[in-house]
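Just target-v9.csv here, CSV, C-alpha atoms:
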```csv
chain,number,residue,atom,x,y,z
U,1,TYR,CA,-30.8,-37.6,-57.5
U,2,GLN,CA,-27.6,-35.8,-56.9
U,3,ARG,CA,-26.6,-35.1,-53.3
U,4,ARG,CA,-25.5,-31.5,-52.8
U,5,VAL,CA,-22.3,-31.1,-50.7
U,6,ARG,CA,-22.6,-28.1,-48.3
U,7,ASP,CA,-19.6,-25.8,-48.0
U,8,PRO,CA,-18.6,-25.8,-44.2
U,9,GLN,CA,-17.6,-22.1,-44.6
U,10,PHE,CA,-21.0,-21.2,-46.1
U,11,PRO,CA,-22.6,-19.9,-42.8
U,12,MET,CA,-19.6,-17.8,-42.0
U,13,GLN,CA,-19.5,-16.3,-45.5
U,14,SER,CA,-23.2,-15.5,-45.3
U,15,THR,CA,-22.7,-13.9,-41.9
U,16,GLU,CA,-19.8,-11.7,-43.2
U,17,GLN,CA,-21.9,-10.6,-46.2
U,18,TYR,CA,-24.9,-9.8,-44.0
U,19,LEU,CA,-22.8,-7.8,-41.6
U,20,SER,CA,-21.1,-6.0,-44.4
U,21,GLN,CA,-24.4,-5.0,-45.9
U,22,LYS,CA,-25.6,-3.6,-42.5
U,23,GLY,CA,-22.3,-1.8,-41.8
U,24,TYR,CA,-21.3,-4.1,-38.9
U,25,SER,CA,-18.3,-5.8,-40.6
U,26,TRP,CA,-16.0,-4.4,-37.9
U,27,LEU,CA,-17.5,-6.9,-35.5
U,28,LEU,CA,-15.5,-9.7,-37.2
U,29,GLU,CA,-12.3,-7.9,-37.5
U,30,VAL,CA,-9.3,-9.5,-35.8
U,31,ASP,CA,-6.4,-7.4,-34.6
U,32,ASP,CA,-3.2,-9.2,-35.6
U,33,GLY,CA,-0.9,-6.6,-34.0
U,34,ASP,CA,1.5,-7.8,-31.5
U,35,GLU,CA,0.7,-6.1,-28.2
U,36,GLU,CA,3.1,-6.2,-25.4
U,37,THR,CA,1.8,-8.3,-22.5
U,38,THR,CA,2.2,-6.7,-19.0
U,39,SER,CA,2.2,-8.5,-15.7
U,40,LEU,CA,-0.3,-7.9,-13.0
U,41,LEU,CA,2.3,-6.2,-10.9
U,42,GLU,CA,3.0,-3.7,-13.7
U,43,GLU,CA,-0.7,-3.1,-14.2
U,44,LEU,CA,-1.1,-2.2,-10.5
U,45,ASP,CA,2.1,-0.2,-10.6
U,46,ILE,CA,3.8,-2.4,-7.9
U,47,ASP,CA,7.6,-2.3,-7.9
U,48,LEU,CA,8.8,-5.0,-5.4
U,49,SER,CA,12.4,-3.9,-5.5
U,50,ASP,CA,11.3,-0.3,-4.7
U,51,ILE,CA,9.2,-1.5,-1.8
U,52,TYR,CA,12.0,-3.7,-0.5
U,53,TYR,CA,14.4,-0.7,-0.6
U,54,LYS,CA,11.9,1.5,1.3
U,55,LEU,CA,11.4,-1.2,4.0
U,56,ARG,CA,15.2,-1.2,4.5
U,57,CYS,CA,15.1,2.6,4.8
U,58,VAL,CA,12.8,2.3,7.8
U,59,VAL,CA,14.7,-0.6,9.4
U,60,PHE,CA,18.1,1.1,8.9
U,61,PRO,CA,17.3,4.9,8.9
U,62,PHE,CA,21.0,6.0,9.0
U,63,LYS,CA,22.2,3.7,6.3
U,64,PHE,CA,20.1,4.4,3.2
U,65,ASP,CA,18.8,7.5,1.5
U,66,ARG,CA,15.4,7.8,3.1
U,67,LYS,CA,14.3,10.7,0.9
U,68,VAL,CA,13.0,8.1,-1.6
U,69,LEU,CA,10.0,7.6,0.7
U,70,LEU,CA,9.0,11.2,-0.2
U,71,SER,CA,10.3,11.5,-3.7
U,72,SER,CA,8.4,8.4,-5.0
U,73,PRO,CA,5.5,7.6,-2.6
U,74,ASP,CA,3.5,4.5,-3.3
U,75,PHE,CA,0.3,2.9,-1.8
U,76,TRP,CA,0.7,-0.9,-2.0
U,77,GLY,CA,3.9,-1.1,0.1
U,78,PRO,CA,2.4,0.8,3.1
U,79,LEU,CA,-0.9,-1.1,2.7
U,80,ALA,CA,1.0,-4.4,2.9
U,81,VAL,CA,2.8,-3.2,6.1
U,82,VAL,CA,-0.4,-2.0,7.8
U,83,SER,CA,-2.3,-5.1,6.8
U,84,CYS,CA,0.5,-7.3,8.1
U,85,TYR,CA,0.5,-5.4,11.4
U,86,ALA,CA,-3.3,-5.6,11.6
U,87,PHE,CA,-3.4,-9.4,11.0
U,88,LEU,CA,-0.6,-9.9,13.5
U,89,ILE,CA,-2.1,-8.1,16.4
U,90,LEU,CA,-5.7,-9.1,15.7
U,91,TRP,CA,-5.3,-12.7,14.8
U,92,GLY,CA,-8.8,-14.3,14.9
U,93,GLN,CA,-10.5,-10.9,14.9
U,94,PHE,CA,-10.4,-10.2,11.2
U,95,LYS,CA,-13.4,-7.8,11.3
U,96,VAL,CA,-11.2,-5.3,13.2
U,97,VAL,CA,-8.5,-5.3,10.5
U,98,SER,CA,-10.6,-2.7,8.5
U,99,TRP,CA,-10.5,-0.5,11.6
U,100,VAL,CA,-6.7,-0.5,11.8
U,101,ILE,CA,-6.5,0.4,8.1
U,102,THR,CA,-9.1,3.1,8.6
U,103,MET,CA,-7.1,4.6,11.5
U,104,TRP,CA,-4.0,4.5,9.3
U,105,LEU,CA,-5.7,6.6,6.6
U,106,VAL,CA,-7.5,8.9,9.0
U,107,GLY,CA,-4.4,9.4,11.2
U,108,SER,CA,-2.3,10.1,8.1
U,109,PHE,CA,-4.9,12.7,6.9
U,110,LEU,CA,-4.8,14.5,10.3
U,111,ILE,CA,-1.0,14.5,10.3
U,112,PHE,CA,-1.1,15.8,6.7
U,113,LEU,CA,-3.5,18.6,7.6
U,114,LEU,CA,-1.4,19.6,10.6
U,115,ALA,CA,1.8,19.7,8.5
U,116,ARG,CA,0.1,21.8,5.9
U,117,VAL,CA,-1.2,24.2,8.5
U,118,LEU,CA,2.2,24.5,10.0
U,119,GLY,CA,3.6,25.4,6.6
U,120,GLY,CA,5.1,22.1,5.5
U,121,ASP,CA,5.4,21.2,1.8
U,122,ILE,CA,4.1,17.7,1.8
U,123,SER,CA,1.3,15.8,0.1
U,124,PHE,CA,-1.3,13.4,1.4
U,125,SER,CA,0.2,10.4,-0.6
U,126,GLN,CA,3.6,11.1,1.0
U,127,THR,CA,2.1,11.2,4.5
U,128,VAL,CA,0.2,7.9,3.9
U,129,GLY,CA,3.3,6.2,2.6
U,130,VAL,CA,5.6,7.4,5.4
U,131,ILE,CA,3.1,6.5,8.2
U,132,GLY,CA,2.4,3.1,6.6
U,133,TYR,CA,6.1,2.1,6.2
U,134,SER,CA,6.9,3.4,9.7
U,135,LEU,CA,4.7,0.8,11.2
U,136,LEU,CA,7.4,-1.8,10.4
U,137,PRO,CA,9.1,-1.2,13.8
U,138,LEU,CA,5.8,-1.9,15.6
U,139,ILE,CA,5.6,-5.3,13.7
U,140,PHE,CA,9.0,-6.2,15.1
U,141,SER,CA,7.8,-5.1,18.6
U,142,VAL,CA,4.7,-7.3,18.4
U,143,VAL,CA,6.7,-10.3,17.3
U,144,PHE,CA,9.0,-9.9,20.4
U,145,LEU,CA,6.0,-9.3,22.6
U,146,LEU,CA,4.6,-12.7,21.6
U,147,PHE,CA,7.5,-14.2,23.5
U,148,THR,CA,7.9,-11.7,26.3
U,149,SER,CA,4.4,-10.7,27.2
U,150,SER,CA,4.6,-12.5,30.5
U,151,PHE,CA,7.5,-10.2,31.6
U,152,ALA,CA,5.8,-6.8,32.1
U,153,THR,CA,9.0,-4.7,32.4
U,154,ILE,CA,10.5,-6.2,29.2
U,155,ALA,CA,7.3,-5.9,27.3
U,156,PHE,CA,7.0,-2.2,28.3
U,157,ILE,CA,10.5,-1.5,27.2
U,158,ILE,CA,9.9,-3.2,23.8
U,159,LYS,CA,6.7,-1.1,23.3
U,160,VAL,CA,8.6,2.1,24.1
U,161,ILE,CA,11.5,1.3,21.8
U,162,GLY,CA,9.1,0.3,19.0
U,163,THR,CA,7.0,3.4,19.4
U,164,LEU,CA,10.0,5.8,19.5
U,165,TRP,CA,11.6,4.0,16.5
U,166,ALA,CA,8.4,4.3,14.4
U,167,SER,CA,7.8,7.9,15.5
U,168,PHE,CA,11.4,8.9,14.7
U,169,SER,CA,11.2,7.2,11.3
U,170,ALA,CA,8.0,9.0,10.3
U,171,GLY,CA,8.7,12.4,12.0
U,172,SER,CA,12.2,12.8,10.6
U,173,LEU,CA,10.7,12.6,7.1
U,174,LEU,CA,7.5,14.5,7.5
U,175,VAL,CA,9.1,17.4,9.3
U,176,THR,CA,10.4,19.3,6.3
U,177,GLU,CA,12.8,22.3,6.3
U,178,GLU,CA,9.9,24.7,6.2
U,179,ILE,CA,8.7,23.6,9.6
U,180,ALA,CA,12.0,22.6,11.2
U,181,HIS,CA,11.6,25.2,13.9
U,182,LYS,CA,8.1,23.7,14.7
U,183,ARG,CA,9.1,20.1,14.6
U,184,TYR,CA,7.8,19.2,18.0
U,185,MET,CA,4.3,20.5,17.1
U,186,LEU,CA,4.2,17.7,14.5
U,187,MET,CA,6.4,15.1,16.2
U,188,TYR,CA,4.1,14.9,19.2
U,189,PRO,CA,0.9,14.0,17.3
U,190,ILE,CA,2.9,11.5,15.3
U,191,PHE,CA,4.1,10.0,18.5
U,192,LEU,CA,0.5,9.8,19.8
U,193,LEU,CA,-0.6,8.1,16.6
U,194,PHE,CA,1.9,5.3,17.0
U,195,ILE,CA,1.0,5.0,20.7
U,196,TYR,CA,-2.5,4.4,19.5
U,197,PHE,CA,-1.4,1.8,17.1
U,198,ILE,CA,0.7,-0.1,19.7
U,199,SER,CA,-2.2,0.0,22.0
U,200,PHE,CA,-4.1,-2.2,19.6
U,201,TYR,CA,-1.9,-5.1,20.8
U,202,SER,CA,-3.5,-4.9,24.3
U,203,GLY,CA,-7.0,-4.9,22.9
U,204,VAL,CA,-9.2,-2.7,20.7
```
The structure in this file should be written as structure tokens.
Amino acid sequence: YQRRVRDPQFPMQSTEQYLSQKGYSWLLEVDDGDEETTSLLEELDIDLSDIYYKLRCVVFPFKFDRKVLLSSPDFWGPLAVVSCYAFLILWGQFKVVSWVITMWLVGSFLIFLLARVLGGDISFSQTVGVIGYSLLPLIFSVVFLLFTSSFATIAFIIKVIGTLWASFSAGSLLVTEEIAHKRYMLMYPIFLLFIYFISFYSGV
């Protein structure tokens, strides 16, 4: 009696032959090409340096070229600012965060429609980005209000400064040359929108 030694590659060879006969040999093909690996940030088109620059454009409106907010609009930076503002003013009420984000998108859409009706040459993505980034002054205001809320006069002044700062940051960009003579017709709704946002701090 002679013991037969089984080839360990026998099942694999049989599988390859069977798939080849059936025309499914491509199932076992291995791509040996070297593909460039991309990070998650690149996959989502997130440029942190670009977002950081845009944040500085809002904080220091007279120091940087703020037109980059219109020339290269993005979504993730404004979303991060709006989410940060929502979590900050609604700590412990996470269900309302979605409402703040909804008002950001709806408010931006209404401002976009008004700008287009007035004759402005601006896109919805630009409006969403500018309104989102311009919430940054309100974040600073809320941080100060956490320490000065017991002083009504100081708290009121901080709210006014933050709202005017945010309104100027957004309005000075969204009011294009085509509607410069109608700037107040667009600036006023923008101002009301940021008043609505700052009112979230007192309760929704």
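Interatomic distance, atom CA of Ser149 of chain U against atom CA of Leu136 of chain U: 19.2 Å.
In this model, the gap between atom CA of Ser167 of chain U and atom CA of Phe191 of chain U comes to 5.2 Å.
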Margin query: With distances taken over all atoms listed in the file, which residue among U:Tyr53, U:Phe168, U:Phe60, U:Phe75 lies nearest Gln126 of chain U?
Written below: U:Phe75
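For the pair atom CA of Val100 of chain U and atom CA of Val82 of chain U, the interatomic distance is 7.6 Å.
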Margin query: Give me, as a list of chain:residue names, all polymer residues having an atom no more than 8 Å from segment 101-113 of chain U, counting all atoms listed in the file and skipping those fewer than 6 positions away in the same chain.
Written below: U:Leu79, U:Val82, U:Ser83, U:Ala86, U:Ile122, U:Ser123, U:Phe124, U:Thr127, U:Val128, U:Ile131, U:Gly132, U:Leu186, U:Pro189, U:Ile190, U:Leu193
Write the residues of the preceding selection, restricted to C-alpha atoms, as a CSV table (one decimal), keeping the file's coordinate frame.
```csv
chain,number,residue,atom,x,y,z
U,79,LEU,CA,-0.9,-1.1,2.7
U,82,VAL,CA,-0.4,-2.0,7.8
U,83,SER,CA,-2.3,-5.1,6.8
U,86,ALA,CA,-3.3,-5.6,11.6
U,122,ILE,CA,4.1,17.7,1.8
U,123,SER,CA,1.3,15.8,0.1
U,124,PHE,CA,-1.3,13.4,1.4
U,127,THR,CA,2.1,11.2,4.5
U,128,VAL,CA,0.2,7.9,3.9
U,131,ILE,CA,3.1,6.5,8.2
U,132,GLY,CA,2.4,3.1,6.6
U,186,LEU,CA,4.2,17.7,14.5
U,189,PRO,CA,0.9,14.0,17.3
U,190,ILE,CA,2.9,11.5,15.3
U,193,LEU,CA,-0.6,8.1,16.6
```
Item checked: Polymer residues at most 9 Å from Leu88 of chain U, all atoms listed in the file, same-chain spacing of 2 or more positions, as number ranges by chain -> U: 83-86, 90-91, 139, 142-143, 201
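Each of U:Ala152, U:Leu146, U:Val117, U:Ile195 was compared to Glu178 of chain U using all atoms listed in the file, and U:Val117 turns out to be the nearest.
Counting only C-alpha atoms, the residue from U:Ser199, U:Pro78, U:Pro61, U:Tyr52 that sits nearest to Gly129 of chain U is U:Pro78.
Once only C-alpha atoms are considered, the residues situated within 12 Å of the file point (14.2, -3.4, 11.2) turn out to be Tyr52, Lys54, Leu55, Arg56, Cys57, Val58, Val59, Phe60, Pro61, Phe62, Lys63, Tyr133, Ser134, Leu135, Leu136, Pro137, Leu138, Ile139, Phe140, Ser141, Val143, Ile161, Gly162, Trp165, Ala166 and Ser169 of chain U.
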Taking all heavy atoms as the atom set, what does segment 139-150 of chain U look like once completed, written as an mmCIF file, keeping the file's coordinate frame?
```cif
data_model
loop_
_atom_site.group_PDB
_atom_site.id
_atom_site.type_symbol
_atom_site.label_atom_id
_atom_site.label_comp_id
_atom_site.auth_asym_id
_atom_site.auth_seq_id
_atom_site.Cartn_x
_atom_site.Cartn_y
_atom_site.Cartn_z
ATOM 1 N N ILE U 139 5.742 -3.830 14.030
ATOM 2 C CA ILE U 139 5.600 -5.300 13.700
ATOM 3 C C ILE U 139 6.684 -6.052 14.414
ATOM 4 O O ILE U 139 6.417 -7.114 15.003
ATOM 5 C CB ILE U 139 5.678 -5.463 12.177
ATOM 6 C CG1 ILE U 139 4.465 -4.829 11.484
ATOM 7 C CG2 ILE U 139 5.766 -6.948 11.841
ATOM 8 C CD1 ILE U 139 4.469 -4.976 9.991
ATOM 9 N N PHE U 140 7.916 -5.539 14.383
ATOM 10 C CA PHE U 140 9.000 -6.200 15.100
ATOM 11 C C PHE U 140 8.709 -6.257 16.600
ATOM 12 O O PHE U 140 8.962 -7.272 17.265
ATOM 13 C CB PHE U 140 10.321 -5.478 14.858
ATOM 14 C CG PHE U 140 10.775 -5.489 13.431
ATOM 15 C CD1 PHE U 140 11.533 -4.450 12.915
ATOM 16 C CD2 PHE U 140 10.437 -6.536 12.589
ATOM 17 C CE1 PHE U 140 11.961 -4.464 11.600
ATOM 18 C CE2 PHE U 140 10.847 -6.561 11.271
ATOM 19 C CZ PHE U 140 11.603 -5.519 10.778
ATOM 20 N N SER U 141 8.157 -5.170 17.129
ATOM 21 C CA SER U 141 7.800 -5.100 18.600
ATOM 22 C C SER U 141 6.802 -6.166 18.937
ATOM 23 O O SER U 141 6.937 -6.851 19.953
ATOM 24 C CB SER U 141 7.351 -3.723 18.938
ATOM 25 O OG SER U 141 8.332 -2.746 18.677
ATOM 26 N N VAL U 142 5.770 -6.288 18.118
ATOM 27 C CA VAL U 142 4.700 -7.300 18.400
ATOM 28 C C VAL U 142 5.233 -8.680 18.345
ATOM 29 O O VAL U 142 4.853 -9.533 19.159
ATOM 30 C CB VAL U 142 3.534 -7.055 17.430
ATOM 31 C CG1 VAL U 142 2.523 -8.189 17.563
ATOM 32 C CG2 VAL U 142 2.851 -5.723 17.687
ATOM 33 N N VAL U 143 6.119 -8.953 17.412
ATOM 34 C CA VAL U 143 6.700 -10.300 17.300
ATOM 35 C C VAL U 143 7.474 -10.632 18.608
ATOM 36 O O VAL U 143 7.348 -11.721 19.165
ATOM 37 C CB VAL U 143 7.642 -10.393 16.097
ATOM 38 C CG1 VAL U 143 8.413 -11.713 16.122
ATOM 39 C CG2 VAL U 143 6.837 -10.284 14.814
ATOM 40 N N PHE U 144 8.254 -9.667 19.113
ATOM 41 C CA PHE U 144 9.000 -9.900 20.400
ATOM 42 C C PHE U 144 8.019 -10.004 21.550
ATOM 43 O O PHE U 144 8.253 -10.777 22.486
ATOM 44 C CB PHE U 144 9.970 -8.744 20.617
ATOM 45 C CG PHE U 144 11.220 -8.837 19.803
ATOM 46 C CD1 PHE U 144 11.476 -7.922 18.793
ATOM 47 C CD2 PHE U 144 12.152 -9.852 20.027
ATOM 48 C CE1 PHE U 144 12.628 -8.000 18.038
ATOM 49 C CE2 PHE U 144 13.309 -9.937 19.269
ATOM 50 C CZ PHE U 144 13.550 -9.021 18.272
ATOM 51 N N LEU U 145 6.936 -9.239 21.510
ATOM 52 C CA LEU U 145 6.000 -9.300 22.600
ATOM 53 C C LEU U 145 5.263 -10.628 22.701
ATOM 54 O O LEU U 145 4.795 -11.016 23.780
ATOM 55 C CB LEU U 145 4.944 -8.162 22.443
ATOM 56 C CG LEU U 145 5.450 -6.738 22.706
ATOM 57 C CD1 LEU U 145 4.398 -5.715 22.330
ATOM 58 C CD2 LEU U 145 5.848 -6.575 24.166
ATOM 59 N N LEU U 146 5.179 -11.331 21.591
ATOM 60 C CA LEU U 146 4.600 -12.700 21.600
ATOM 61 C C LEU U 146 5.324 -13.622 22.529
ATOM 62 O O LEU U 146 4.746 -14.567 23.063
ATOM 63 C CB LEU U 146 4.488 -13.231 20.199
ATOM 64 C CG LEU U 146 3.577 -12.505 19.207
ATOM 65 C CD1 LEU U 146 3.697 -13.127 17.822
ATOM 66 C CD2 LEU U 146 2.129 -12.556 19.674
ATOM 67 N N PHE U 147 6.615 -13.355 22.705
ATOM 68 C CA PHE U 147 7.500 -14.200 23.500
ATOM 69 C C PHE U 147 7.795 -13.641 24.884
ATOM 70 O O PHE U 147 8.297 -14.351 25.760
ATOM 71 C CB PHE U 147 8.765 -14.551 22.774
ATOM 72 C CG PHE U 147 8.568 -15.172 21.423
ATOM 73 C CD1 PHE U 147 8.623 -14.390 20.272
ATOM 74 C CD2 PHE U 147 8.305 -16.524 21.301
ATOM 75 C CE1 PHE U 147 8.437 -14.955 19.027
ATOM 76 C CE2 PHE U 147 8.110 -17.099 20.051
ATOM 77 C CZ PHE U 147 8.177 -16.317 18.910
ATOM 78 N N THR U 148 7.547 -12.352 25.056
ATOM 79 C CA THR U 148 7.900 -11.700 26.300
ATOM 80 C C THR U 148 6.759 -11.043 27.024
ATOM 81 O O THR U 148 6.973 -10.254 27.957
ATOM 82 C CB THR U 148 9.009 -10.629 26.034
ATOM 83 O OG1 THR U 148 8.483 -9.636 25.152
ATOM 84 C CG2 THR U 148 10.249 -11.253 25.419
ATOM 85 N N SER U 149 5.541 -11.333 26.587
ATOM 86 C CA SER U 149 4.400 -10.700 27.200
ATOM 87 C C SER U 149 4.206 -10.990 28.654
ATOM 88 O O SER U 149 3.587 -10.226 29.399
ATOM 89 C CB SER U 149 3.113 -11.051 26.409
ATOM 90 O OG SER U 149 2.946 -12.460 26.404
ATOM 91 N N SER U 150 4.734 -12.127 29.098
ATOM 92 C CA SER U 150 4.600 -12.500 30.500
ATOM 93 C C SER U 150 5.552 -11.710 31.409
ATOM 94 O O SER U 150 5.390 -11.703 32.628
ATOM 95 C CB SER U 150 4.877 -13.998 30.692
ATOM 96 O OG SER U 150 6.156 -14.348 30.189
#
```
